[in-house]
Structure formats: C-alpha cells, structure tokens
>>> print(open('run15.tsv').read())   # TSV, C-alpha atoms
chain	number	residue	atom	x	y	z
A	1	MET	CA	-33.03	20.14	40.06
A	2	LEU	CA	-32.13	22.13	37.01
A	3	PHE	CA	-29.22	23.50	38.93
A	4	THR	CA	-27.95	20.00	39.70
A	5	ILE	CA	-28.07	19.08	36.05
A	6	LYS	CA	-26.31	22.26	35.11
A	7	SER	CA	-23.57	21.59	37.59
A	8	ILE	CA	-23.21	18.00	36.37
A	9	TYR	CA	-22.99	19.43	32.86
A	10	PHE	CA	-20.29	21.80	34.04
A	11	VAL	CA	-18.32	18.94	35.55
A	12	PHE	CA	-18.58	16.98	32.32
A	13	GLN	CA	-17.49	19.94	30.26
A	14	SER	CA	-14.52	20.77	32.43
A	15	THR	CA	-13.41	17.14	32.51
A	16	PHE	CA	-13.50	17.07	28.75
A	17	ILE	CA	-11.63	20.29	28.38
A	18	MET	CA	-9.00	19.15	30.78
A	19	SER	CA	-8.46	15.81	29.11
A	20	ASP	CA	-8.91	16.99	25.56
A	21	GLN	CA	-5.18	16.96	24.93
A	22	ASP	CA	-5.10	13.41	26.25
A	23	TYR	CA	-7.80	12.30	23.83
A	24	LEU	CA	-5.93	13.92	20.99
A	25	LYS	CA	-2.80	12.11	22.10
A	26	ASP	CA	-4.74	8.85	22.27
A	27	ILE	CA	-5.98	9.26	18.71
A	28	SER	CA	-2.57	10.06	17.30
A	29	GLU	CA	-1.04	7.16	19.21
A	30	ILE	CA	-3.70	4.83	17.80
A	31	LYS	CA	-2.99	6.01	14.25
A	32	ASN	CA	0.72	5.67	14.80
A	33	LEU	CA	0.44	2.12	16.13
A	34	MET	CA	-1.91	1.07	13.34
A	35	ASN	CA	0.58	2.28	10.76
A	36	LYS	CA	3.66	0.98	12.50
A	37	SER	CA	2.21	-2.46	13.08
A	38	SER	CA	0.84	-3.01	9.60
A	39	ARG	CA	2.97	-1.01	7.20
A	40	PHE	CA	6.66	-0.76	6.58
A	41	ILE	CA	7.16	2.87	5.72
A	42	SER	CA	10.92	3.31	5.56
A	43	LEU	CA	11.26	2.69	1.83
A	44	SER	CA	13.77	5.12	0.49
A	45	GLY	CA	12.93	7.41	-2.42
A	46	LEU	CA	16.60	7.72	-3.24
A	47	SER	CA	16.84	3.98	-3.93
A	48	GLY	CA	14.04	4.40	-6.50
A	49	ILE	CA	16.03	7.11	-8.27
A	50	LEU	CA	19.19	4.96	-8.30
A	51	ALA	CA	17.27	1.89	-9.52
A	52	GLY	CA	15.97	4.03	-12.38
A	53	ILE	CA	19.48	5.19	-13.24
A	54	TYR	CA	20.79	1.60	-13.21
A	55	ALA	CA	17.93	0.61	-15.52
A	56	LEU	CA	18.77	3.44	-17.95
A	57	VAL	CA	22.47	2.56	-17.96
A	58	GLY	CA	21.61	-1.13	-18.37
A	59	ALA	CA	19.23	-0.33	-21.22
A	60	ALA	CA	21.91	1.73	-22.96
A	61	VAL	CA	24.38	-1.16	-22.61
A	62	ALA	CA	21.83	-3.61	-24.03
A	63	TYR	CA	21.03	-1.26	-26.89
A	64	TRP	CA	24.69	-0.90	-27.72
A	65	LEU	CA	25.30	-4.66	-27.49
A	66	VAL	CA	22.44	-5.48	-29.83
A	67	ALA	CA	23.18	-2.71	-32.30
A	68	GLU	CA	26.91	-3.41	-32.41
A	69	TYR	CA	27.13	-7.19	-32.28
A	70	SER	CA	23.77	-8.55	-33.29
A	71	TYR	CA	22.87	-6.37	-36.30
A	72	GLY	CA	19.98	-4.80	-34.37
A	73	ARG	CA	18.24	-8.10	-33.80
A	74	LEU	CA	18.13	-10.12	-30.64
A	75	LEU	CA	18.38	-13.85	-31.19
A	76	LEU	CA	17.58	-16.23	-28.42
A	77	ASP	CA	20.56	-18.53	-28.79
A	78	GLY	CA	23.25	-15.98	-29.42
A	79	LYS	CA	26.03	-14.82	-27.14
A	80	VAL	CA	24.55	-11.34	-27.17
A	81	PHE	CA	21.34	-12.69	-25.70
A	82	ASN	CA	23.24	-14.14	-22.77
A	83	LEU	CA	25.03	-10.84	-22.28
A	84	VAL	CA	21.68	-9.00	-22.26
A	85	LEU	CA	20.41	-11.48	-19.66
A	86	LEU	CA	23.53	-10.83	-17.57
A	87	ASP	CA	22.91	-7.10	-18.00
A	88	LEU	CA	19.32	-7.50	-16.73
A	89	PHE	CA	20.54	-9.57	-13.81
A	90	LEU	CA	23.12	-6.91	-12.88
A	91	ILE	CA	20.48	-4.16	-12.99
A	92	ALA	CA	18.25	-6.18	-10.66
A	93	PHE	CA	21.16	-7.09	-8.39
A	94	PHE	CA	22.44	-3.53	-7.95
A	95	SER	CA	18.91	-2.17	-7.51
A	96	VAL	CA	18.17	-4.69	-4.74
A	97	VAL	CA	21.51	-4.10	-2.96
A	98	THR	CA	21.07	-0.32	-3.13
A	99	GLY	CA	17.46	-0.64	-1.97
A	100	ILE	CA	18.43	-2.78	1.02
A	101	PHE	CA	21.29	-0.48	1.98
A	102	LEU	CA	19.33	2.77	1.79
A	103	THR	CA	16.21	1.30	3.37
A	104	THR	CA	18.18	-0.07	6.32
A	105	ARG	CA	19.70	3.34	6.79
A	106	LYS	CA	16.34	5.06	6.68
A	107	ALA	CA	14.72	2.50	8.99
A	108	LYS	CA	17.47	3.09	11.52
A	109	LYS	CA	16.87	6.81	11.34
A	110	ASN	CA	13.12	6.28	11.84
A	111	GLY	CA	13.70	3.95	14.77
A	112	GLU	CA	12.03	1.21	12.74
A	113	ASN	CA	13.39	-2.30	12.55
A	114	PHE	CA	14.53	-3.24	9.04
A	115	TRP	CA	13.65	-6.90	9.48
A	116	ASP	CA	10.42	-7.14	11.45
A	117	ALA	CA	6.95	-8.53	10.90
A	118	SER	CA	5.88	-5.58	8.73
A	119	SER	CA	8.90	-5.63	6.40
A	120	LYS	CA	8.71	-9.42	6.07
A	121	ARG	CA	5.05	-9.19	5.15
A	122	LEU	CA	5.80	-6.43	2.66
A	123	LEU	CA	8.55	-8.46	0.99
A	124	PHE	CA	6.48	-11.65	0.91
A	125	ASN	CA	3.52	-9.93	-0.73
A	126	PHE	CA	5.78	-8.12	-3.19
A	127	LEU	CA	7.48	-11.36	-4.18
A	128	ILE	CA	4.33	-13.41	-4.91
A	129	PRO	CA	3.48	-11.68	-8.23
A	130	LEU	CA	7.12	-10.91	-8.98
A	131	ALA	CA	8.40	-14.48	-8.58
A	132	THR	CA	5.39	-15.84	-10.47
A	133	GLY	CA	6.15	-13.46	-13.34
A	134	GLY	CA	9.86	-14.21	-13.26
A	135	ILE	CA	9.34	-17.96	-13.44
A	136	TYR	CA	6.70	-17.56	-16.13
A	137	ILE	CA	9.04	-15.45	-18.26
A	138	LEU	CA	11.82	-18.03	-17.89
A	139	ILE	CA	9.39	-20.80	-18.94
A	140	ILE	CA	8.23	-19.04	-22.09
A	141	LEU	CA	11.77	-17.95	-22.97
A	142	ASN	CA	12.64	-21.61	-22.78
A	143	GLN	CA	9.82	-22.25	-25.26
A	144	HIS	CA	11.37	-19.67	-27.59
A	145	LYS	CA	8.57	-17.14	-27.19
A	146	TYR	CA	10.21	-13.90	-26.34
A	147	GLY	CA	8.17	-11.20	-28.07
A	148	GLN	CA	6.26	-10.36	-24.89
A	149	THR	CA	9.12	-10.41	-22.39
A	150	ALA	CA	9.21	-6.65	-21.78
A	151	ALA	CA	5.41	-6.49	-21.45
A	152	LEU	CA	5.38	-9.36	-18.96
A	153	MET	CA	8.16	-7.84	-16.89
A	154	LEU	CA	6.28	-4.54	-16.67
A	155	ILE	CA	2.91	-6.15	-15.92
A	156	PHE	CA	4.13	-8.51	-13.19
A	157	TYR	CA	6.32	-5.84	-11.62
A	158	GLY	CA	3.32	-3.50	-11.60
A	159	LEU	CA	1.13	-6.15	-9.96
A	160	ALA	CA	3.84	-6.78	-7.35
A	161	LEU	CA	3.92	-3.07	-6.50
A	162	VAL	CA	0.14	-2.82	-6.23
A	163	ASN	CA	0.08	-5.89	-3.99
A	164	ALA	CA	2.89	-4.54	-1.82
A	165	SER	CA	1.29	-1.11	-1.46
A	166	LYS	CA	-1.16	-2.50	1.10
A	167	TYR	CA	1.77	-3.10	3.42
A	168	SER	CA	3.80	0.03	2.80
A	169	ILE	CA	3.45	3.64	1.74
A	170	GLY	CA	0.25	3.70	-0.28
A	171	ASP	CA	1.90	5.76	-3.04
A	172	ILE	CA	3.74	2.83	-4.60
A	173	ARG	CA	0.31	1.70	-5.81
A	174	TYR	CA	0.38	4.48	-8.43
A	175	LEU	CA	3.77	3.44	-9.70
A	176	GLY	CA	2.29	-0.06	-9.96
A	177	PHE	CA	-0.68	1.13	-12.02
A	178	ILE	CA	1.64	3.00	-14.38
A	179	GLN	CA	3.83	-0.09	-14.87
A	180	ILE	CA	0.79	-2.27	-15.57
A	181	ALA	CA	-0.55	0.26	-18.11
A	182	LEU	CA	2.86	0.48	-19.82
A	183	GLY	CA	3.01	-3.34	-19.84
A	184	LEU	CA	-0.35	-3.62	-21.56
A	185	ILE	CA	0.60	-0.99	-24.15
A	186	CYS	CA	3.83	-2.90	-24.63
A	187	ALA	CA	1.86	-6.12	-25.25
A	188	LEU	CA	-0.05	-4.30	-28.02
A	189	TYR	CA	3.10	-2.88	-29.60
A	190	PRO	CA	5.87	-5.42	-28.93
A	191	GLY	CA	8.09	-3.55	-31.37
A	192	TYR	CA	8.43	-0.74	-28.82
A	193	GLY	CA	9.16	-3.18	-26.00
A	194	PHE	CA	12.66	-1.89	-25.41
A	195	TRP	CA	11.56	1.75	-25.18
A	196	LEU	CA	8.55	1.04	-22.98
A	197	TRP	CA	10.73	-1.08	-20.70
A	198	THR	CA	13.20	1.80	-20.44
A	199	LEU	CA	10.36	4.22	-19.77
A	200	GLY	CA	8.85	1.98	-17.06
A	201	PHE	CA	11.92	0.72	-15.24
A	202	GLY	CA	14.16	3.71	-15.90
A	203	VAL	CA	12.30	6.99	-16.23
A	204	MET	CA	9.31	6.09	-14.04
A	205	HIS	CA	11.55	4.94	-11.18
A	206	ILE	CA	13.43	8.22	-11.31
A	207	VAL	CA	10.22	10.28	-11.42
A	208	TYR	CA	8.63	8.27	-8.62
A	209	GLY	CA	11.80	8.20	-6.49
A	210	THR	CA	12.20	11.96	-6.80
A	211	TRP	CA	8.58	12.50	-5.84
A	212	MET	CA	8.92	10.20	-2.81
A	213	HIS	CA	12.19	11.79	-1.81
A	214	PHE	CA	10.68	15.25	-1.65
A	215	LYS	CA	7.41	14.08	-0.14
A	216	TYR	CA	8.88	12.02	2.71
A	217	ASP	CA	12.67	12.13	2.99
A	218	ALA	CA	13.61	15.72	2.41
A	219	LYS	CA	11.60	16.98	5.36
B	1	MET	CA	-39.58	12.64	41.13
B	2	LYS	CA	-40.52	15.11	38.46
B	3	LYS	CA	-39.18	14.46	35.03
B	4	ILE	CA	-37.04	17.23	33.67
B	5	LYS	CA	-36.31	17.73	30.04
B	6	ILE	CA	-32.57	17.62	29.58
B	7	PRO	CA	-31.13	20.27	27.27
B	8	THR	CA	-29.92	18.71	24.06
B	9	SER	CA	-26.28	19.56	24.55
B	10	VAL	CA	-26.30	17.70	27.85
B	11	GLY	CA	-28.06	14.82	26.14
B	12	ASN	CA	-25.32	14.61	23.54
B	13	ASP	CA	-22.62	14.59	26.13
B	14	MET	CA	-24.40	11.83	27.97
B	15	SER	CA	-24.48	9.67	24.88
B	16	ILE	CA	-20.83	10.37	24.14
B	17	ILE	CA	-19.89	9.44	27.67
B	18	HIS	CA	-21.94	6.33	27.29
B	19	ASN	CA	-19.75	5.36	24.32
B	20	ILE	CA	-16.47	6.07	26.06
B	21	ASN	CA	-15.47	2.60	27.12
B	22	LYS	CA	-13.85	2.20	30.50
B	23	VAL	CA	-12.16	-1.04	29.42
B	24	PHE	CA	-10.11	0.92	26.88
B	25	ASP	CA	-9.15	3.57	29.37
B	26	HIS	CA	-5.44	2.84	29.31
B	27	ARG	CA	-2.65	3.55	26.86
B	28	ILE	CA	-1.55	-0.08	26.62
B	29	ARG	CA	-5.08	-1.40	26.10
B	30	LEU	CA	-5.76	1.17	23.39
B	31	GLY	CA	-2.46	0.15	21.84
B	32	ILE	CA	-3.28	-3.56	21.87
B	33	MET	CA	-6.64	-2.90	20.23
B	34	SER	CA	-5.14	-0.54	17.62
B	35	ILE	CA	-2.61	-3.14	16.56
B	36	LEU	CA	-5.16	-5.95	16.45
B	37	MET	CA	-7.65	-3.86	14.46
B	38	VAL	CA	-5.30	-3.71	11.48
B	39	ASN	CA	-3.63	-7.10	11.85
B	40	GLU	CA	-5.29	-10.47	11.67
B	41	TYR	CA	-3.38	-11.43	14.79
B	42	ALA	CA	-0.28	-10.46	16.74
B	43	ASP	CA	1.75	-12.52	19.16
B	44	PHE	CA	2.82	-11.51	22.64
B	45	ASN	CA	6.34	-10.48	21.70
B	46	THR	CA	5.23	-8.35	18.76
B	47	LEU	CA	2.81	-6.49	21.03
B	48	LYS	CA	5.49	-6.10	23.65
B	49	GLU	CA	7.96	-4.66	21.15
B	50	LEU	CA	5.49	-2.27	19.56
B	51	LEU	CA	4.08	-1.00	22.83
B	52	GLY	CA	7.29	-0.94	24.79
B	53	ALA	CA	5.60	-2.70	27.70
B	54	THR	CA	6.98	-5.16	30.23
B	55	ASP	CA	5.79	-8.79	30.29
B	56	GLY	CA	3.74	-8.41	33.46
B	57	ASN	CA	2.19	-5.13	32.41
B	58	LEU	CA	1.18	-6.39	28.98
B	59	ALA	CA	-0.13	-9.67	30.41
B	60	SER	CA	-2.43	-7.91	32.87
B	61	HIS	CA	-3.90	-5.73	30.12
B	62	THR	CA	-4.42	-8.58	27.68
B	63	LYS	CA	-6.15	-10.45	30.52
B	64	ALA	CA	-8.52	-7.54	31.05
B	65	LEU	CA	-9.38	-7.34	27.35
B	66	GLU	CA	-9.77	-11.10	27.22
B	67	LYS	CA	-12.11	-11.05	30.19
B	68	ALA	CA	-14.28	-8.45	28.45
B	69	GLU	CA	-14.25	-10.81	25.44
B	70	TYR	CA	-12.81	-8.09	23.23
B	71	ILE	CA	-9.84	-10.19	22.21
B	72	ALA	CA	-9.36	-13.90	21.67
B	73	VAL	CA	-6.27	-15.73	22.85
B	74	GLU	CA	-4.74	-18.65	21.04
B	75	LYS	CA	-1.95	-20.65	22.57
B	76	GLN	CA	0.16	-22.88	20.39
B	77	PHE	CA	3.62	-24.28	20.03
B	78	ILE	CA	6.10	-23.17	17.41
B	79	GLY	CA	8.61	-25.99	17.59
B	80	ARG	CA	9.02	-26.37	21.30
B	81	LYS	CA	8.43	-22.74	22.14
B	82	PRO	CA	5.02	-21.77	23.45
B	83	ASN	CA	3.53	-18.93	21.48
B	84	THR	CA	0.53	-16.85	22.46
B	85	ARG	CA	-1.24	-14.89	19.81
B	86	TYR	CA	-4.14	-12.53	20.04
B	87	SER	CA	-6.89	-11.38	17.71
B	88	THR	CA	-9.93	-9.15	18.09
B	89	THR	CA	-13.41	-10.58	18.48
B	90	PRO	CA	-16.31	-9.03	16.52
B	91	LEU	CA	-17.53	-7.57	19.83
B	92	GLY	CA	-14.13	-6.02	20.52
B	93	LYS	CA	-14.01	-4.51	17.02
B	94	ALA	CA	-17.46	-2.97	17.38
B	95	GLU	CA	-16.73	-1.58	20.86
B	96	PHE	CA	-13.40	-0.15	19.77
B	97	LYS	CA	-15.01	1.62	16.81
B	98	LYS	CA	-17.63	3.11	19.11
B	99	HIS	CA	-14.91	4.24	21.50
B	100	ILE	CA	-12.88	5.90	18.74
B	101	SER	CA	-15.83	7.78	17.28
B	102	ALA	CA	-16.72	8.98	20.78
B	103	LEU	CA	-13.15	10.24	21.23
B	104	GLU	CA	-13.29	11.98	17.88
B	105	LYS	CA	-16.60	13.63	18.72
B	106	LEU	CA	-15.18	14.92	21.98
B	107	ILE	CA	-12.21	16.44	20.19
B	108	ASN	CA	-14.33	17.96	17.44
B	109	LYS	CA	-16.60	19.61	19.97
B	110	GLN	CA	-13.87	21.92	21.12
>>> encode(input="run15.tsv", output="structure tokens")
Amino acid sequence: MLFTIKSIYFVFQSTFIMSDQDYLKDISEIKNLMNKSSRFISLSGLSGILAGIYALVGAAVAYWLVAEYSYGRLLLDGKVFNLVLLDLFLIAFFSVVTGIFLTTRKAKKNGENFWDASSKRLLFNFLIPLATGGIYILIILNQHKYGQTAALMLIFYGLALVNASKYSIGDIRYLGFIQIALGLICALYPGYGFWLWTLGFGVMHIVYGTWMHFKYDAK
Amino acid sequence: MKKIKIPTSVGNDMSIIHNINKVFDHRIRLGIMSILMVNEYADFNTLKELLGATDGNLASHTKALEKAEYIAVEKQFIGRKPNTRYSTTPLGKAEFKKHISALEKLINKQ
C-alpha cells in the first residue's frame, strides 16, 4: 500500500517537473495579457524630455515678452497677455504632436496598437481632470482672477497624470504627485508662479522623461 | 481497507492538484480569464485580437467557461451590429485566483 502511494507520489512529482516550464510560461503569459489588455505602456520617455524643453523655451519667451513689453507685469487685457496665451497654446500643441508621433513609433516597435481600447481608456481618463481644469481656468480668467493660474495648471495636470497612471506605466503617478505638490506650493506663493510652472512643466518633464528613457527605452 | 497516514509532502501535492482547475487547462481559456480579471468586460473582437485566436476557437472556449459559470455573456446591439461582451462572475474570479496560486506553488516548489 505504501508502495502504491509512493509510486503515485513519484508520478505526480515527475509530471510536475516535466510541465514546470509550461506552468512558468502560463504565469508569464497571464501577466503579459493582464498588462497588455489593461495598460497602454508605449509612452515614450523621449517625448517627455522634448515636452520639457518646449516648456522651458516657451517660458523663456513669455518671460522676455513680459519683461520687454509689459514692464514686468502681466495685464489681462493687454496684447502681451494674448501673446503669452498663444505661447502656452504652442507649447501644448507641439508637446501633443511630438507625444503622438513618438508614441506611435514606439507602439509600432512594441507590436502594440496605438489606437486601441487601452490607449483610448488612457486618454479618456487623462482628459477628465485635464479638461475640467482647463475649462475652469478659462472661466476664472474670464472673471479676471488670474493669480492662481499657474497653481491650477500644475494641480489639474498632476491629477490627470495620477488618474492616467492606472491605465499606463505606473511611474507617471510620481510625476503627478510632484506636479500636485508644486501646484499647492504655487497656490501658497503665487508670486513664484512663473518659476514653479517652469520647474513643473519644464524641468520635471525633462527629469522624468530621462528617467523613463533609461528605464524602459534604452534597453 | 486499512487507513494509511499520508506523508505530508504527498498531502500538500494532493491539495495543490485539487486546486489546479481542469477548466482553465488551456492557453486560450487562461488568456480569456486573465483579460477579464483586470477589465470590467471585454468584447469578442478585443479578446480575439489580444489572444490571436480564430472565431471558432475562441467561441468554443468562451462556451466552456460560460458553461462552468466562470464568465457571464451579454449580447447587445451597437447600432445594428450585434456585440457580445464577456465579464467574470464572482465564482470565476475565485476559481481563477485559486488556480493561479496553485500554479505559483508548483513553481516555487522546484
């Protein structure tokens, strides 16, 4: 009887040893499918770096505009204000175009579809806080309250990143937290709004993009 | 028949085997469950694309999982197109978790 059990045990053991590789393959396939089906992971680190550079260049242009033509003060109705708005719009536009271009390229390389359920979900969840913030900022600018604009941009952008991180590489959550923290500091010290904005949208993007590039892309 | 005390290692293997679920014993079925564990639902075409399966193949495996009541099927129309979407049932979730931890135990034993 004991012998029978021992031989059954042997059969079990040898089956397991033989199919161990298969089980390992199963597990890695499960992980892979879970990630692929729920997260869009082809965000490019390089596009973060470039977005940061655009933000720095844009900030320099705005600084120069205000210092040169507006006596260091930004008035809501002036021409300079409109130029600064245009400047902001251009930064956003070039960042988005670069992001789309580089992400498509990376997705292709990864064999991932650029426009599938996971990227749509990522974009949708990113845009909820971002669009809310954008509309809110436009509303209060229209009411001539513009002291908190930089803080609000940082806070809502940070929230958008944290929200999006559930559907992409988890790391963008940390960038989100940093932006939110900078936004809150900025709300306390509105006088440093310009510099905190430059730190958040410029320097932090470059730091984060470089980190991502070496962590994921450069392999 | 005399009762024989089973050595503990054999006992463990028995319980692990008990948790290995025959219903999940196929790449496509594991795949369907993996996708549905992390998504509220997925439709037929999404599953097909992610798993690289043919219509007939995928349909037979979703049927099997449906029969075991591990997944729920919802048929609806988007415009005029019929659309079938799947989601896990609480039973399916629990069974899948058991299956995965059994797989992990087997691997860790080596």
>>> atom_distance(input="run15.tsv", atom1="CA of Asn19 in chain B", atom2="CA of Lys25 in chain A")
18.4 Å
>>> closest_residue(input="run15.tsv", among="A:Ile53, A:Val207, A:Ala60, A:Leu141", to="Phe81 in chain A", atoms="only C-alpha atoms")
A:Leu141
>>> closest_residue(input="run15.tsv", among="B:Asn21, B:Asn45, B:Thr62, B:Asn39", to="chain A", atoms="only C-alpha atoms")
B:Asn39
>>> closest_residue(input="run15.tsv", among="B:Ile28, B:Met37, B:Ala53, B:Ala42", to="Phe96 in chain B", atoms="only C-alpha atoms")
B:Met37
>>> closest_residue(input="run15.tsv", among="B:Leu58, B:Lys48, B:Ile20, B:Thr89", to="Tyr23 in chain A", atoms="all atoms listed in the file")
B:Ile20
>>> residues_around(input="run15.tsv", residues="Thr210 in chain A", least_positions_apart="5", cutoff="8 Å", atoms="only C-alpha atoms", output="ChimeraX atom specification")
/A:45-46,48-49
>>> write_last_selection(input="run15.tsv", atoms="C-alpha atoms", output="PDB file, in the coordinates of the input")
ATOM      1  CA  GLY A  45      12.930   7.410  -2.420  1.00  0.00           C
ATOM      2  CA  LEU A  46      16.600   7.720  -3.240  1.00  0.00           C
ATOM      3  CA  GLY A  48      14.040   4.400  -6.500  1.00  0.00           C
ATOM      4  CA  ILE A  49      16.030   7.110  -8.270  1.00  0.00           C
TER       5      ILE A  49
END
>>> atom_distance(input="run15.tsv", atom1="CA of Phe94 in chain A", atom2="CA of Leu50 in chain A")
9.1 Å
>>> closest_residue(input="run15.tsv", among="A:Asn113, A:Thr98, A:Ser42, A:Gln179", to="Ala150 in chain A", atoms="only C-alpha atoms")
A:Gln179
>>> atom_distance(input="run15.tsv", atom1="CA of Ala131 in chain A", atom2="CA of Val57 in chain A")
24.0 Å
>>> closest_residue(input="run15.tsv", among="A:Lys145, A:Lys166, A:Lys106, A:Lys215", to="chain B", atoms="only C-alpha atoms")
A:Lys166
>>> residues_around(input="run15.tsv", residues="Leu51 in chain B", least_positions_apart="2", cutoff="12 Å", atoms="all atoms listed in the file", output="tab-separated table (two decimals) with C-alpha atoms, in the coordinates of the input")
chain	number	residue	atom	x	y	z
A	29	GLU	CA	-1.04	7.16	19.21
A	30	ILE	CA	-3.70	4.83	17.80
A	32	ASN	CA	0.72	5.67	14.80
A	33	LEU	CA	0.44	2.12	16.13
A	34	MET	CA	-1.91	1.07	13.34
A	36	LYS	CA	3.66	0.98	12.50
A	37	SER	CA	2.21	-2.46	13.08
B	27	ARG	CA	-2.65	3.55	26.86
B	28	ILE	CA	-1.55	-0.08	26.62
B	29	ARG	CA	-5.08	-1.40	26.10
B	30	LEU	CA	-5.76	1.17	23.39
B	31	GLY	CA	-2.46	0.15	21.84
B	32	ILE	CA	-3.28	-3.56	21.87
B	33	MET	CA	-6.64	-2.90	20.23
B	34	SER	CA	-5.14	-0.54	17.62
B	35	ILE	CA	-2.61	-3.14	16.56
B	44	PHE	CA	2.82	-11.51	22.64
B	45	ASN	CA	6.34	-10.48	21.70
B	46	THR	CA	5.23	-8.35	18.76
B	47	LEU	CA	2.81	-6.49	21.03
B	48	LYS	CA	5.49	-6.10	23.65
B	49	GLU	CA	7.96	-4.66	21.15
B	53	ALA	CA	5.60	-2.70	27.70
B	54	THR	CA	6.98	-5.16	30.23
B	55	ASP	CA	5.79	-8.79	30.29
B	57	ASN	CA	2.19	-5.13	32.41
B	58	LEU	CA	1.18	-6.39	28.98
B	61	HIS	CA	-3.90	-5.73	30.12
